[in-house]
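Novice: Let me give you the structure first, and then I'll get to my questions.
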Amino acid sequence: MTFRILLLAILLGGFWESAIAQSSPLVMRHADSLAVMRKAGFLLLNGHVYFTHDSIAFRTARATWNKHLDKVDCEGSFLFTHPDGYIKANYGSYQRKTEIAIAKGYVEAKDSAGSYAFFGNNLVYNKKKKFLKLTDQPLLHQYQKQKKDTTKIDTTVVRAELITFNQETEFAEAFRNVTITQGEMIVTCDTGYLDKKNNWVALKGSPKFNLEGYELTGDSIYLTIDSEKRTLKSALVIRNAKGKQHEKGKKGKPDHYTEAIGDTLYAEFKNDKIKRLYVNLNARGFFYEADFADYKNQMEGGRLDLSFKNGKLKRALISGDAQSTYFHVMEKKRQIDGRNEATGDTIRIAFADGKVKHLKLAGTKTLASGRYTDLTKQNILPKVVKDSSVKKWTEQSLKKLEKTDKSAPAKKEDTK
């Protein structure tokens, strides 16, 4: 009795498995012409070929259907549509069992929500896992509408040698010669990870980050993005961290530069302007003006804490065997007249318009001390680059010369 029940269960199981398999067949809906190779199990289709499988559909100009593998190879054109989006290419294939579509030659793929677009020459799409892989000049676009003005769209562009994307988690990976751009932001690295849902980007392998006046480099960089404003919130640089900030001078004043070096660097931003900067372990910082680049003001210690206002250095706290060197500039003459050196456990520096306003020293382990050196005798002036090129006459200059000639009294001729 038990054997009969077991046999019945096996038969029923096989029946239901067969029924399920038959419930979602690969169906050829249309073709202008059809040729059958029975022994090989091939069907050759030409002209307006149309296939469906469950919720997917694909069209092509010519196709070969392998009945044994339940696979269709398409050429001439390939349009693959599914509820999550579409894929277009010159060539393509689809296998029912694995639910994998392959597109080749001028590939274009977009999701149904209009948030992502993929371009390249080779794309593999796994419908079951909702996973996409791009090779051969792959390009990824991620679109984000602005909340205040929905007509404007911010676009993040990713270029690499290999790109993968998970539709469910909205997680993208890029490998080898990676370049990521968004507005003024440009990032390069060997490997990049983009988490759209959690609004972060991870960069590894000689990463370099640039954002209109800011540059970061290190072994690894982690960026967080403001999802509403589509601006940078923070940047974390781990190991061999270097940061550089460039603030352009206004009303004829020289440009300001701030540099930071250490094991770890963390920066906070507001509306893509730096707000705070922390540097840990073997921390060093420099700040200087463009015309005195050879006389950099220095900060050194176990940790640096810097704060900025409107892109300019506002406050600095140097902690742990703190040291600082500051060159004083006579503004009227634009000449360096002295050098201030300070040491202590901590050094606090306040700035006004990017220049040192006052210092406060404290120390027990490292005694607080300061020293001033008069440099007026050295007569240090900013370097001036002379333009030795011949200036071209302008129309305005010529007009001035003509007026001068006309207004000058004519000389009387000598009649003698």
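Naming works like this for the structure tokens: A, B, ... for the chains as they're shown, residue 1 at the start of each chain, ligands 1 onward in shown order.
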List the neighbours of Glu184 in chain A out to 9 Å using only C-alpha atoms; skip same-chain residues closer than 2 positions along the sequence, and give me the result as a list in words.
Specialist: Thr181, Gln182, Ile186, Asn210, Leu211 and Glu212 of chain A
Novice: Extract, using only C-alpha atoms, all DNA, RNA and protein residues at most 10 Å from His328 in chain A, discarding same-chain residues fewer than 6 positions from it, and format them as a list in words.
Specialist: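 Here the qualifying residues turn out to be Asn297, Gln335, Ile336, Asp337, Gly338, Arg339, Asn340, Lys355, Val356, Tyr372, Asp374 and Leu375 of chain A.
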Novice: Write out, as a PDB file, in the first residue's frame, the residues just selected, with N, CA, C and O atoms.
Specialist:
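Saved as out.pdb:
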```pdb
ATOM      1  N   ASN A 297      51.982  78.270   4.917  1.00  0.00           N
ATOM      2  CA  ASN A 297      51.729  78.190   6.347  1.00  0.00           C
ATOM      3  C   ASN A 297      51.411  76.738   6.684  1.00  0.00           C
ATOM      4  O   ASN A 297      50.622  76.086   5.982  1.00  0.00           O
ATOM      5  N   GLN A 335      54.082  92.103   1.032  1.00  0.00           N
ATOM      6  CA  GLN A 335      55.425  91.657   1.361  1.00  0.00           C
ATOM      7  C   GLN A 335      55.395  90.893   2.680  1.00  0.00           C
ATOM      8  O   GLN A 335      54.679  91.258   3.608  1.00  0.00           O
ATOM      9  N   ILE A 336      56.143  89.789   2.761  1.00  0.00           N
ATOM     10  CA  ILE A 336      56.236  89.020   4.004  1.00  0.00           C
ATOM     11  C   ILE A 336      57.207  89.722   4.946  1.00  0.00           C
ATOM     12  O   ILE A 336      58.352  90.012   4.579  1.00  0.00           O
ATOM     13  N   ASP A 337      56.704  90.016   6.172  1.00  0.00           N
ATOM     14  CA  ASP A 337      57.583  90.705   7.112  1.00  0.00           C
ATOM     15  C   ASP A 337      57.958  89.865   8.331  1.00  0.00           C
ATOM     16  O   ASP A 337      58.807  90.271   9.123  1.00  0.00           O
ATOM     17  N   GLY A 338      57.336  88.685   8.511  1.00  0.00           N
ATOM     18  CA  GLY A 338      57.693  87.877   9.668  1.00  0.00           C
ATOM     19  C   GLY A 338      57.166  86.461   9.612  1.00  0.00           C
ATOM     20  O   GLY A 338      56.267  86.139   8.829  1.00  0.00           O
ATOM     21  N   ARG A 339      57.769  85.592  10.460  1.00  0.00           N
ATOM     22  CA  ARG A 339      57.342  84.196  10.552  1.00  0.00           C
ATOM     23  C   ARG A 339      57.052  83.867  12.013  1.00  0.00           C
ATOM     24  O   ARG A 339      57.891  84.067  12.899  1.00  0.00           O
ATOM     25  N   ASN A 340      55.832  83.321  12.277  1.00  0.00           N
ATOM     26  CA  ASN A 340      55.431  82.897  13.613  1.00  0.00           C
ATOM     27  C   ASN A 340      55.514  81.379  13.709  1.00  0.00           C
ATOM     28  O   ASN A 340      54.944  80.670  12.864  1.00  0.00           O
ATOM     29  N   LYS A 355      42.905  84.585   6.506  1.00  0.00           N
ATOM     30  CA  LYS A 355      44.196  84.918   7.121  1.00  0.00           C
ATOM     31  C   LYS A 355      44.109  84.738   8.634  1.00  0.00           C
ATOM     32  O   LYS A 355      43.045  84.889   9.231  1.00  0.00           O
ATOM     33  N   VAL A 356      45.264  84.434   9.250  1.00  0.00           N
ATOM     34  CA  VAL A 356      45.308  84.196  10.693  1.00  0.00           C
ATOM     35  C   VAL A 356      44.949  85.470  11.445  1.00  0.00           C
ATOM     36  O   VAL A 356      45.536  86.537  11.220  1.00  0.00           O
ATOM     37  N   TYR A 372      58.875  84.384  17.099  1.00  0.00           N
ATOM     38  CA  TYR A 372      58.654  85.243  15.942  1.00  0.00           C
ATOM     39  C   TYR A 372      60.006  85.610  15.329  1.00  0.00           C
ATOM     40  O   TYR A 372      60.939  85.986  16.037  1.00  0.00           O
ATOM     41  N   ASP A 374      61.823  88.094  12.448  1.00  0.00           N
ATOM     42  CA  ASP A 374      61.654  89.254  11.571  1.00  0.00           C
ATOM     43  C   ASP A 374      62.282  88.958  10.206  1.00  0.00           C
ATOM     44  O   ASP A 374      63.457  88.612  10.102  1.00  0.00           O
ATOM     45  N   LEU A 375      61.460  89.101   9.143  1.00  0.00           N
ATOM     46  CA  LEU A 375      61.935  88.804   7.789  1.00  0.00           C
ATOM     47  C   LEU A 375      61.923  90.040   6.892  1.00  0.00           C
ATOM     48  O   LEU A 375      62.060  89.926   5.668  1.00  0.00           O
TER      49      LEU A 375
END
```
Novice: Name all residues at most 8 Å from range 215-229 of chain A (count only C-alpha atoms; drop same-chain ones fewer than 2 positions away) and give them as a PDB file with C-alpha atoms, in the first residue's frame.
Specialist:
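In the end it all went to around.pdb:
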```
ATOM      1  CA  GLN A 146      14.817  67.696  -9.208  1.00  0.00           C
ATOM      2  CA  LYS A 147      12.032  68.086  -6.645  1.00  0.00           C
ATOM      3  CA  ASN A 199      22.858  57.196  -1.569  1.00  0.00           C
ATOM      4  CA  TRP A 200      26.521  56.271  -1.270  1.00  0.00           C
ATOM      5  CA  VAL A 201      29.457  55.667  -3.598  1.00  0.00           C
ATOM      6  CA  ALA A 202      32.582  53.620  -2.780  1.00  0.00           C
ATOM      7  CA  LEU A 203      35.802  53.998  -4.778  1.00  0.00           C
ATOM      8  CA  LYS A 204      38.878  51.764  -4.683  1.00  0.00           C
ATOM      9  CA  GLY A 205      42.099  51.410  -6.627  1.00  0.00           C
ATOM     10  CA  SER A 206      43.848  54.799  -7.002  1.00  0.00           C
ATOM     11  CA  PRO A 207      40.639  56.818  -6.579  1.00  0.00           C
ATOM     12  CA  LYS A 208      40.624  60.539  -7.376  1.00  0.00           C
ATOM     13  CA  PHE A 209      37.739  62.882  -6.619  1.00  0.00           C
ATOM     14  CA  ASN A 210      37.306  66.368  -8.112  1.00  0.00           C
ATOM     15  CA  LEU A 211      34.508  68.858  -7.435  1.00  0.00           C
ATOM     16  CA  GLY A 213      37.854  73.533  -6.342  1.00  0.00           C
ATOM     17  CA  THR A 231      24.769  67.382  -3.744  1.00  0.00           C
ATOM     18  CA  LEU A 232      27.726  65.908  -1.868  1.00  0.00           C
ATOM     19  CA  LYS A 233      27.175  65.433   1.892  1.00  0.00           C
ATOM     20  CA  SER A 234      30.432  63.864   3.028  1.00  0.00           C
ATOM     21  CA  ALA A 235      33.651  62.225   1.894  1.00  0.00           C
ATOM     22  CA  LEU A 236      35.765  59.705   3.811  1.00  0.00           C
ATOM     23  CA  VAL A 237      39.306  58.967   2.593  1.00  0.00           C
ATOM     24  CA  ILE A 238      41.108  55.977   4.134  1.00  0.00           C
ATOM     25  CA  ARG A 239      44.895  55.563   4.116  1.00  0.00           C
ATOM     26  CA  ASN A 240      47.309  57.892   2.332  1.00  0.00           C
ATOM     27  CA  ALA A 241      44.608  60.548   2.425  1.00  0.00           C
ATOM     28  CA  LYS A 242      45.208  63.855   0.664  1.00  0.00           C
ATOM     29  CA  GLY A 243      42.830  66.746   0.221  1.00  0.00           C
ATOM     30  CA  LYS A 244      43.173  70.084  -1.558  1.00  0.00           C
ATOM     31  CA  GLN A 245      40.788  73.036  -1.585  1.00  0.00           C
ATOM     32  CA  ASN A 271      25.549  72.656  -1.066  1.00  0.00           C
TER      33      ASN A 271
END
```
Novice: If I take CA of Lys270 in chain A and CA of Cys189 in chain A, how far is one from the other in Å, to one decimal?
Specialist: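 Value for the CA of Lys270 in chain A-CA of Cys189 in chain A distance: 24.3 Å.
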Novice: Write out as a ChimeraX atom specification the set of residues from range 166-213 of chain A that DSSP, computed on the backbone, places in strand (DSSP E or B).
Specialist: /A:166,171-182,185-195,200-204,208-211
Novice: Write out as an NGL selection string the residues lying within 7 Å of range 357-365 of chain A, counting only C-alpha atoms and excluding same-chain residues fewer than 3 positions away.
Specialist: :A and (344-352 or 368)
Novice: Please produce a file of the residues just selected, as a CSV table (one decimal), in the first residue's frame, where the atoms kept are N, CA, C and O atoms.
Specialist:
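The result, stored in again.csv:
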```csv
chain,number,residue,atom,x,y,z
A,344,GLY,N,52.8,73.1,21.1
A,344,GLY,CA,52.0,72.8,22.3
A,344,GLY,C,51.2,71.6,22.2
A,344,GLY,O,51.3,70.9,21.1
A,345,ASP,N,50.4,71.2,23.2
A,345,ASP,CA,49.5,70.1,23.1
A,345,ASP,C,48.5,70.4,22.1
A,345,ASP,O,48.1,69.5,21.3
A,346,THR,N,47.9,71.6,22.2
A,346,THR,CA,46.9,72.0,21.2
A,346,THR,C,47.2,73.4,20.8
A,346,THR,O,47.7,74.2,21.5
A,347,ILE,N,46.8,73.7,19.6
A,347,ILE,CA,46.9,75.1,19.0
A,347,ILE,C,45.6,75.4,18.3
A,347,ILE,O,45.1,74.6,17.5
A,348,ARG,N,45.0,76.5,18.8
A,348,ARG,CA,43.7,77.0,18.2
A,348,ARG,C,44.0,78.2,17.3
A,348,ARG,O,44.7,79.1,17.8
A,349,ILE,N,43.6,78.2,16.1
A,349,ILE,CA,43.8,79.3,15.2
A,349,ILE,C,42.5,79.8,14.7
A,349,ILE,O,41.6,79.0,14.2
A,350,ALA,N,42.3,81.1,14.8
A,350,ALA,CA,41.1,81.8,14.2
A,350,ALA,C,41.5,82.6,13.0
A,350,ALA,O,42.6,83.2,12.9
A,351,PHE,N,40.7,82.5,11.9
A,351,PHE,CA,41.0,83.1,10.7
A,351,PHE,C,39.9,84.2,10.3
A,351,PHE,O,38.8,84.1,10.7
A,352,ALA,N,40.4,85.2,9.6
A,352,ALA,CA,39.5,86.2,9.1
A,352,ALA,C,39.8,86.4,7.6
A,352,ALA,O,41.0,86.8,7.3
A,368,ALA,N,53.7,74.8,25.8
A,368,ALA,CA,53.3,75.8,24.9
A,368,ALA,C,54.4,76.8,24.7
A,368,ALA,O,54.9,77.4,25.7
```
Novice: Which neighbours of range 298-306 of chain A fall inside 10 Å, counting only C-alpha atoms, when residues of the same chain fewer than 6 positions from it are skipped, and could you give them as a PyMOL selection string?
Specialist: chain A and resi 258-267+275-288+313-327+341-349
Novice: With C-alpha atoms retained, export the selected residues as a compact mmCIF listing (two decimals), in the first residue's frame.
Specialist:
```txt
# COMPACT_ATOMS: atom_id res chain seq x y z
CA THR A 258 44.19 74.69 1.77
CA GLU A 259 45.82 71.24 1.78
CA ALA A 260 45.51 68.35 4.24
CA ILE A 261 47.48 65.08 4.48
CA GLY A 262 47.09 62.16 6.89
CA ASP A 263 46.14 58.51 7.36
CA THR A 264 42.40 59.24 7.38
CA LEU A 265 40.48 62.27 6.16
CA TYR A 266 36.79 63.08 6.61
CA ALA A 267 35.06 66.09 5.04
CA LYS A 275 31.99 72.86 5.88
CA ARG A 276 34.30 70.79 8.12
CA LEU A 277 37.45 68.73 7.63
CA TYR A 278 39.05 66.19 10.01
CA VAL A 279 42.47 64.60 9.52
CA ASN A 280 43.71 61.75 11.77
CA LEU A 281 47.16 60.22 12.37
CA ASN A 282 50.26 62.04 11.15
CA ALA A 283 48.06 64.96 10.22
CA ARG A 284 49.53 67.86 8.29
CA GLY A 285 47.89 70.91 6.81
CA PHE A 286 48.94 73.83 4.63
CA PHE A 287 47.23 77.10 3.78
CA TYR A 288 48.64 79.80 1.52
CA LEU A 313 39.23 78.58 6.34
CA LYS A 314 37.57 79.87 9.54
CA ARG A 315 38.99 77.88 12.47
CA ALA A 316 41.68 75.25 13.04
CA LEU A 317 42.38 73.00 16.02
CA ILE A 318 45.69 71.11 16.04
CA SER A 319 45.85 68.33 18.68
CA GLY A 320 48.68 66.06 19.88
CA ASP A 321 52.23 67.41 19.71
CA ALA A 322 50.88 70.38 17.78
CA GLN A 323 53.11 72.63 15.67
CA SER A 324 52.36 75.56 13.39
CA THR A 325 54.26 77.98 11.17
CA TYR A 326 52.62 81.13 9.87
CA PHE A 327 54.06 83.86 7.60
CA GLU A 341 56.26 79.41 14.97
CA ALA A 342 54.27 77.76 17.76
CA THR A 343 54.20 74.40 19.61
CA GLY A 344 51.98 72.84 22.30
CA ASP A 345 49.55 70.06 23.11
CA THR A 346 46.90 72.01 21.23
CA ILE A 347 46.94 75.06 19.00
CA ARG A 348 43.74 76.95 18.15
CA ILE A 349 43.80 79.31 15.19
```
Novice: Pick out the residues sitting within 7 Å of Met28 in chain A, and hand them over as number ranges by chain; count only C-alpha atoms, and ignore anything fewer than 6 positions along from it in its own chain.
Specialist: A: 50-52
